[in-house]
>>> print(open('final-v5.txt').read())   # compact mmCIF, C-alpha atoms
# COMPACT_ATOMS: atom_id res chain seq x y z
CA SER H 120 -2.56 18.51 15.19
CA PHE H 121 -3.88 18.75 11.63
CA ASN H 122 -0.60 20.11 10.29
CA LYS H 123 1.23 16.98 11.36
CA MET H 124 -1.66 14.87 10.01
CA LEU H 125 -2.41 11.27 10.95
CA GLY H 126 1.22 10.39 11.64
CA GLU H 127 1.41 12.47 14.82
CA ALA H 128 -1.97 11.24 16.11
CA ARG H 129 -0.93 7.62 15.67
CA ASN H 130 2.50 8.19 17.21
CA THR H 131 0.92 9.87 20.22
CA GLY H 132 -1.49 6.98 20.65
CA LEU H 133 1.34 4.46 20.37
CA LYS H 134 3.45 6.27 23.00
CA GLU H 135 0.58 6.80 25.44
CA ALA H 136 -1.08 3.38 25.07
CA LYS H 137 -1.03 1.18 28.17
CA GLY H 138 -2.22 -2.06 26.61
CA LYS H 139 -0.21 -4.92 25.15
CA TYR H 140 -1.54 -4.40 21.61
CA VAL H 141 -2.42 -1.40 19.44
CA TRP H 142 -4.89 -0.94 16.59
CA PHE H 143 -5.03 2.23 14.48
CA ILE H 144 -8.73 2.73 13.69
CA ASP H 145 -9.74 5.62 11.42
CA SER H 146 -12.32 8.02 12.81
CA ASP H 147 -15.00 7.44 10.14
CA ASP H 148 -14.75 3.62 10.16
CA PHE H 149 -16.17 0.94 12.47
CA ILE H 150 -15.35 -2.60 13.57
CA GLU H 151 -17.38 -5.79 13.81
CA LYS H 152 -19.05 -6.57 17.12
CA ASN H 153 -17.35 -9.12 19.37
CA THR H 154 -14.23 -9.43 17.22
CA ILE H 155 -11.54 -7.93 19.47
CA GLY H 156 -11.63 -11.08 21.58
CA LYS H 157 -11.09 -13.23 18.48
CA ILE H 158 -8.11 -11.16 17.36
CA LEU H 159 -6.62 -11.22 20.87
CA ASP H 160 -6.98 -15.00 20.94
CA PHE H 161 -5.08 -15.31 17.64
CA ALA H 162 -2.40 -12.88 18.79
CA GLU H 163 -1.88 -14.46 22.21
CA LYS H 164 -2.12 -18.09 21.13
CA ASN H 165 0.37 -17.63 18.30
CA ARG H 166 2.59 -15.02 20.02
CA LEU H 167 2.26 -12.66 17.05
CA ASP H 168 4.06 -9.41 16.35
CA THR H 169 1.43 -8.56 13.75
CA ILE H 170 -1.95 -9.95 12.82
CA GLU H 171 -3.60 -8.72 9.62
CA PHE H 172 -7.26 -9.29 8.85
CA ASN H 173 -9.85 -8.68 6.19
CA ALA H 174 -12.18 -5.73 5.83
CA MET H 175 -15.25 -4.56 3.98
CA HIS H 176 -14.91 -1.45 1.83
CA TYR H 177 -17.88 0.88 1.51
CA TYR H 178 -18.19 3.23 -1.46
CA ASN H 179 -21.07 5.54 -2.34
CA ASP H 180 -22.58 3.02 -4.74
CA ARG H 181 -21.29 -0.38 -3.60
CA SER H 182 -19.42 -2.43 -1.04
CA GLU H 183 -16.75 -5.07 -1.57
CA VAL H 184 -14.45 -7.37 0.39
CA HIS H 185 -11.07 -5.76 0.87
CA SER H 186 -8.80 -8.75 0.18
CA LEU H 187 -9.11 -12.07 -1.62
CA ARG H 188 -6.25 -13.63 0.31
CA GLN H 189 -6.54 -16.87 2.25
CA ASN H 190 -5.44 -17.55 5.81
CA THR H 191 -1.73 -18.01 6.41
CA SER H 192 0.03 -19.97 9.09
CA VAL H 193 2.36 -18.08 11.43
CA ILE H 194 5.14 -16.90 9.15
CA SER H 195 7.66 -14.08 9.06
CA GLY H 196 6.65 -10.74 7.59
CA LEU H 197 9.28 -11.32 4.92
CA ASP H 198 7.58 -14.57 3.92
CA PHE H 199 4.27 -12.70 3.75
CA ILE H 200 5.74 -10.03 1.45
CA PHE H 201 7.33 -12.56 -0.90
CA ASP H 202 4.68 -15.25 -1.16
CA LYS H 203 4.72 -17.68 -4.08
CA GLU H 204 1.69 -16.13 -5.81
CA GLU H 205 3.34 -12.68 -5.89
CA LYS H 206 -0.04 -10.95 -5.75
CA TYR H 207 1.30 -7.75 -4.25
CA GLU H 208 -1.88 -5.80 -4.98
CA TYR H 209 -3.70 -7.91 -2.36
CA LYS H 210 -1.35 -6.84 0.42
CA SER H 211 -2.85 -3.77 2.02
CA ASN H 212 -0.63 -0.83 2.93
CA SER H 213 -3.23 0.52 5.36
CA ALA H 214 -2.56 0.63 9.11
CA TRP H 215 -6.20 0.05 10.06
CA CYS H 216 -6.24 -3.65 9.08
CA LYS H 217 -3.26 -4.55 11.31
CA PHE H 218 -3.22 -5.43 15.00
CA TYR H 219 0.28 -4.89 16.43
CA LEU H 220 2.13 -5.99 19.51
CA ARG H 221 2.92 -2.58 21.01
CA ASN H 222 6.43 -3.47 22.19
CA PHE H 223 7.26 -4.77 18.72
CA LEU H 224 6.57 -1.30 17.28
CA ILE H 225 8.31 0.56 20.12
CA ASP H 226 11.41 -1.66 20.21
CA ASN H 227 11.89 -1.35 16.44
CA ASN H 228 11.23 2.40 16.42
CA LEU H 229 8.27 1.84 14.10
CA PHE H 230 6.68 5.27 14.30
CA PHE H 231 4.78 6.99 11.51
CA GLU H 232 6.21 9.83 9.47
CA GLN H 233 4.60 13.16 10.33
CA ARG H 234 3.34 16.02 8.14
CA VAL H 235 2.71 13.70 5.19
CA SER H 236 -0.15 11.69 3.76
CA SER H 237 0.40 8.06 2.67
CA GLU H 238 2.26 7.56 5.95
CA ASP H 239 0.96 3.97 6.11
CA ILE H 240 2.90 2.75 3.07
CA PHE H 241 6.47 2.92 4.34
CA HIS H 242 5.44 2.07 7.91
CA THR H 243 3.60 -1.08 6.81
CA PHE H 244 6.49 -2.31 4.67
CA ARG H 245 9.04 -1.73 7.47
CA ALA H 246 6.80 -3.46 10.00
CA ARG H 247 6.38 -6.51 7.75
CA LEU H 248 10.08 -6.68 7.06
CA LEU H 249 10.88 -6.68 10.80
CA SER H 250 8.07 -8.96 11.95
CA ASP H 251 9.22 -12.45 12.99
CA ARG H 252 5.73 -13.76 13.67
CA TYR H 253 3.08 -12.57 11.20
CA GLN H 254 -0.32 -13.97 10.35
CA PHE H 255 -3.13 -13.05 7.97
CA VAL H 256 -6.60 -14.16 9.08
CA ASN H 257 -9.34 -14.08 6.47
CA ILE H 258 -12.16 -12.81 8.66
CA ILE H 259 -13.95 -9.50 8.14
CA VAL H 260 -13.20 -7.46 11.23
CA TYR H 261 -13.05 -3.91 9.91
CA HIS H 262 -15.44 -1.73 7.94
CA HIS H 263 -13.74 1.02 5.96
CA ARG H 264 -15.66 3.91 4.45
CA PHE H 265 -14.36 5.64 1.35
CA ASN H 266 -15.37 9.20 2.08
CA PRO H 267 -14.83 11.40 -1.02
CA ASN H 268 -14.26 14.39 1.29
CA SER H 269 -11.75 12.65 3.55
CA LEU H 270 -8.11 13.63 4.01
CA SER H 271 -6.88 10.58 2.10
CA GLN H 272 -9.26 10.77 -0.88
CA ASN H 273 -8.86 14.41 -1.91
CA LEU H 274 -5.70 14.28 -3.98
CA ASN H 275 -3.66 17.39 -4.59
CA ALA H 276 -0.07 18.02 -5.61
CA LYS H 277 1.30 17.60 -2.08
CA LYS H 278 -0.53 14.31 -1.48
CA THR H 279 0.62 12.97 -4.83
CA ILE H 280 4.21 13.92 -3.99
CA ASP H 281 3.84 12.32 -0.53
CA PHE H 282 2.58 9.10 -2.14
CA ILE H 283 5.44 8.96 -4.66
CA ASN H 284 7.97 9.72 -1.91
CA ALA H 285 6.57 6.87 0.20
CA ILE H 286 6.89 4.42 -2.69
CA ILE H 287 10.46 5.57 -3.37
CA GLN H 288 11.25 5.01 0.34
CA VAL H 289 9.99 1.44 0.03
CA ILE H 290 12.06 0.79 -3.10
CA ALA H 291 15.12 2.23 -1.35
CA LEU H 292 14.54 -0.04 1.67
CA ILE H 293 14.19 -3.08 -0.59
CA SER H 294 17.53 -2.14 -2.14
CA THR H 295 19.15 -1.69 1.29
CA GLU H 296 17.88 -5.08 2.52
CA LYS H 297 18.43 -6.90 -0.78
CA THR H 298 21.20 -9.15 0.59
CA LEU H 299 18.98 -10.29 3.46
CA ILE H 300 16.08 -10.90 1.08
CA ILE H 301 18.19 -12.85 -1.42
CA ASN H 302 19.75 -14.92 1.38
CA LYS H 303 16.21 -15.96 2.33
CA GLY H 304 15.74 -17.26 -1.22
CA TYR H 305 13.63 -14.45 -2.64
CA SER H 306 14.02 -12.20 -5.68
CA THR H 307 13.12 -8.52 -5.42
CA ASP H 308 12.65 -7.86 -9.15
CA LYS H 309 8.87 -8.22 -9.44
CA LEU H 310 8.20 -6.40 -6.20
CA GLU H 311 10.36 -3.43 -7.17
CA LYS H 312 8.68 -3.22 -10.57
CA TYR H 313 5.25 -3.45 -8.94
CA TYR H 314 6.03 -0.44 -6.74
CA PHE H 315 7.51 1.46 -9.68
CA LYS H 316 4.26 1.00 -11.60
CA LEU H 317 2.35 2.50 -8.68
CA ILE H 318 4.09 5.85 -9.05
CA ASN H 319 3.13 5.95 -12.73
CA ASN H 320 -0.56 5.28 -12.12
CA TYR H 321 -2.55 7.88 -14.07
CA ARG H 322 -5.24 7.97 -11.34
CA LEU H 323 -2.81 9.86 -9.12
CA PHE H 324 -2.93 12.81 -11.47
CA THR H 325 -6.55 13.04 -12.58
CA ASN H 326 -7.51 15.91 -10.22
CA LEU H 327 -4.35 17.96 -10.66
CA SER H 328 -3.89 21.06 -12.76
CA SER H 329 -1.43 21.12 -15.65
CA GLU H 330 0.90 23.26 -13.57
CA GLU H 331 0.81 20.81 -10.64
CA LYS H 332 1.57 17.91 -12.99
CA LYS H 333 4.56 19.75 -14.43
CA ILE H 334 5.92 20.36 -10.92
CA ILE H 335 5.60 16.69 -10.00
CA PHE H 336 7.08 15.40 -13.26
CA SER H 337 9.98 17.81 -12.93
CA LYS H 338 10.59 16.85 -9.28
CA PHE H 339 10.73 13.11 -9.92
CA SER H 340 12.07 12.83 -13.47
CA ASN H 341 15.67 12.07 -12.45
CA ILE H 342 14.59 9.63 -9.74
CA LYS H 343 12.36 7.77 -12.18
CA LEU H 344 15.15 7.59 -14.73
CA GLU H 345 17.48 6.16 -12.10
CA LEU H 346 14.85 3.58 -11.13
CA ILE H 347 14.26 2.61 -14.75
CA TYR H 348 17.92 1.66 -15.09
CA LYS H 349 18.23 0.19 -11.59
CA LEU H 350 15.21 -2.07 -12.06
CA GLN H 351 16.24 -2.93 -15.63
CA LEU H 352 12.95 -1.78 -17.06
CA ASN H 353 12.46 -1.17 -20.75
CA LYS H 354 14.98 1.59 -21.51
CA LYS H 355 12.92 2.70 -24.50
CA LEU H 356 10.27 3.93 -22.07
CA SER H 357 12.68 6.17 -20.19
CA PHE H 358 12.04 9.20 -22.43
CA ILE H 359 8.33 9.02 -21.52
CA TYR H 360 8.93 9.10 -17.78
CA ILE H 361 11.52 11.86 -17.72
CA ASN H 362 9.92 14.23 -20.24
CA PRO H 363 7.15 16.29 -18.57
CA LYS H 364 5.07 16.71 -21.74
CA LEU H 365 5.27 13.04 -22.68
CA SER H 366 4.58 12.02 -19.06
CA TYR H 367 1.48 14.20 -19.11
CA LEU H 368 0.33 12.62 -22.38
CA MET H 369 1.04 9.11 -21.09
CA ILE H 370 -0.72 9.60 -17.77
CA SER H 371 -3.63 11.76 -18.92
CA VAL H 372 -4.49 10.14 -22.24
CA ILE H 373 -2.74 6.90 -23.13
CA SER H 374 -2.91 5.10 -19.75
CA PRO H 375 -6.67 5.64 -19.26
CA LEU H 376 -7.28 4.53 -22.84
CA ILE H 377 -5.26 1.35 -22.30
CA ASN H 378 -7.21 0.70 -19.10
CA ILE H 379 -10.54 1.09 -20.93
CA ILE H 380 -9.38 -1.35 -23.63
CA ARG H 381 -8.40 -3.91 -20.97
CA ILE H 382 -11.78 -3.61 -19.24
CA LEU H 383 -13.57 -3.97 -22.59
CA LYS H 384 -11.50 -7.05 -23.48
CA LYS H 385 -12.34 -8.67 -20.13
CA TYR H 386 -16.02 -7.92 -20.64
CA LEU H 387 -16.07 -9.33 -24.17
CA TYR H 388 -14.11 -12.39 -23.06
CA SER H 389 -16.57 -13.06 -20.21
CA LYS H 390 -19.46 -12.84 -22.71
CA TRP H 391 -17.66 -15.11 -25.15
CA ILE H 392 -16.94 -17.92 -22.67
CA ARG H 393 -20.60 -17.97 -21.64
>>> encode(input="final-v5.txt", output="C-alpha cells")
Amino acid sequence: SFNKMLGEARNTGLKEAKGKYVWFIDSDDFIEKNTIGKILDFAEKNRLDTIEFNAMHYYNDRSEVHSLRQNTSVISGLDFIFDKEEKYEYKSNSAWCKFYLRNFLIDNNLFFEQRVSSEDIFHTFRARLLSDRYQFVNIIVYHHRFNPNSLSQNLNAKKTIDFINAIIQVIALISTEKTLIINKGYSTDKLEKYYFKLINNYRLFTNLSSEEKKIIFSKFSNIKLELIYKLQLNKKLSFIYINPKLSYLMISVISPLINIIRILKKYLYSKWIR
C-alpha cells in the first residue's frame, strides 16, 4: 500500500517471487533489450550473491551515465565498499541497479524498511556488507528517469528525516562491524565522514519551510554532535551543526555559495588549461 511505500511492495515481491534471482525495477523506468540473459550469465557463471551494473539517468534537459566505475572481478561486498580509490560517491545506494540471488536476501533477512523513503540506503549497505561474491559490471542495463513529481524527488520534512535516519543507520552499522572491517585491513574513517557529509547537504533542505528546518535541526542536533566527536571531525564546527539558526544559515546560504565558488573555479581552471 502507499502508506507503507516502496519497502512493502519490494518485500512482498521478494517473498512471493519464485525465481532464483530478483531485480527491483521502478515503475517509471525501463531496461535494455536482451540484457537479462547477459546478467544471468554473469550471475550463474560467477555464482554471485549480487551483481551491480551501470545505468543511464534521464533528466528533463539531459541524460548521463550513472557511474564512472570500471568492471571488478568477483570480490566480497566489503571489498567493493572499501576499494583503494575510496570514491564512495560512485557507489549507488539504489536497489534498481542490483541483481540479487533471492536466497541470499531471504537467508540474511535482507528486507526493506517500510513506511519510509530512502529505504534503499540501509538495505544496500547491509547487502554489500554480507555479500561474499559481488561483482560490478560496467554495462548500461537500466534506464532511470528522474521524474520531478515522483515519490523520491519531492522532498518534504518527513523524507528529509527518513534520509538522515537511513544515513545514521549506516554509520551505526559501520561502528558495530568496525572490528570485522579493521581485521580485513580497512579503515572506516573516510567512509564515516563521507556519510556524515551527506546529512549536511544543503540540497536536502532547499524545498522546506523555515519551520520544517527548525524541526529537523532540533531532532538531529544531539546526534550530529555525537557523530562530530565520534568521527573526530573539526570540533570548531560543532556549534554550527547543533545550533538551529546557524545550521539554517550554513545550509541555506553558506553551503550553496561555497558550491557556486567551486563550480566557478573548475570552470575558470578548465579555460585556463586550454
>>> closest_residue(input="final-v5.txt", among="H:Lys210, H:Arg181, H:Lys139, H:Lys303", to="H:Arg247", atoms="all atoms listed in the file")
H:Lys210
>>> atom_distance(input="final-v5.txt", atom1="atom CA of H:Arg166", atom2="atom CA of H:Gly304")
25.1 Å
>>> residues_near_point(input="final-v5.txt", point="(7.5, -3.5, 8.3)", cutoff="10 Å", atoms="all atoms listed in the file", output="PyMOL selection string")
chain H and resi 169+196-197+200+224+227+229+240-250+289
>>> closest_residue(input="final-v5.txt", among="H:Lys277, H:Ile300, H:Thr191, H:Ile290", to="H:Leu327", atoms="all atoms listed in the file")
H:Lys277
>>> atom_distance(input="final-v5.txt", atom1="atom CA of H:His262", atom2="atom CA of H:Met175")
4.9 Å
>>> closest_residue(input="final-v5.txt", among="H:Val235, H:Ile258, H:Leu167, H:Leu299", to="H:Thr279", atoms="all atoms listed in the file")
H:Val235
>>> atom_distance(input="final-v5.txt", atom1="atom CA of H:Lys134", atom2="atom CA of H:Ile158")
21.7 Å
>>> closest_residue(input="final-v5.txt", among="H:Leu125, H:Ile280, H:Leu317, H:Ile150", to="H:Ala214", atoms="all atoms listed in the file")
H:Leu125
>>> closest_residue(input="final-v5.txt", among="H:Glu238, H:Glu311, H:Asp198, H:Asp226", to="H:Arg129", atoms="only C-alpha atoms")
H:Glu238
>>> residues_around(input="final-v5.txt", residues="H:Trp142", least_positions_apart="6", cutoff="7 Å", atoms="all atoms listed in the file", output="JSON, numbers by chain")
{"H": [215, 217, 218, 219]}
>>> closest_residue(input="final-v5.txt", among="H:Leu383, H:Leu310, H:Ile318, H:Ala276", to="H:Asp202", atoms="all atoms listed in the file")
H:Leu310
>>> residues_around(input="final-v5.txt", residues="H:Ala128", least_positions_apart="6", cutoff="12 Å", atoms="only C-alpha atoms", output="PyMOL selection string")
chain H and resi 120-122+134-136+143-146+230-234+238
>>> residues_near_point(input="final-v5.txt", point="(12.0, -2.1, -7.5)", cutoff="8 Å", atoms="all atoms listed in the file", output="compact mmCIF listing (two decimals) with C-alpha atoms, in the coordinates of the input")
# COMPACT_ATOMS: atom_id res chain seq x y z
CA ILE H 290 12.06 0.79 -3.10
CA ILE H 293 14.19 -3.08 -0.59
CA SER H 294 17.53 -2.14 -2.14
CA THR H 307 13.12 -8.52 -5.42
CA ASP H 308 12.65 -7.86 -9.15
CA LYS H 309 8.87 -8.22 -9.44
CA LEU H 310 8.20 -6.40 -6.20
CA GLU H 311 10.36 -3.43 -7.17
CA LYS H 312 8.68 -3.22 -10.57
CA TYR H 313 5.25 -3.45 -8.94
CA TYR H 314 6.03 -0.44 -6.74
CA PHE H 315 7.51 1.46 -9.68
CA LEU H 346 14.85 3.58 -11.13
CA LYS H 349 18.23 0.19 -11.59
CA LEU H 350 15.21 -2.07 -12.06
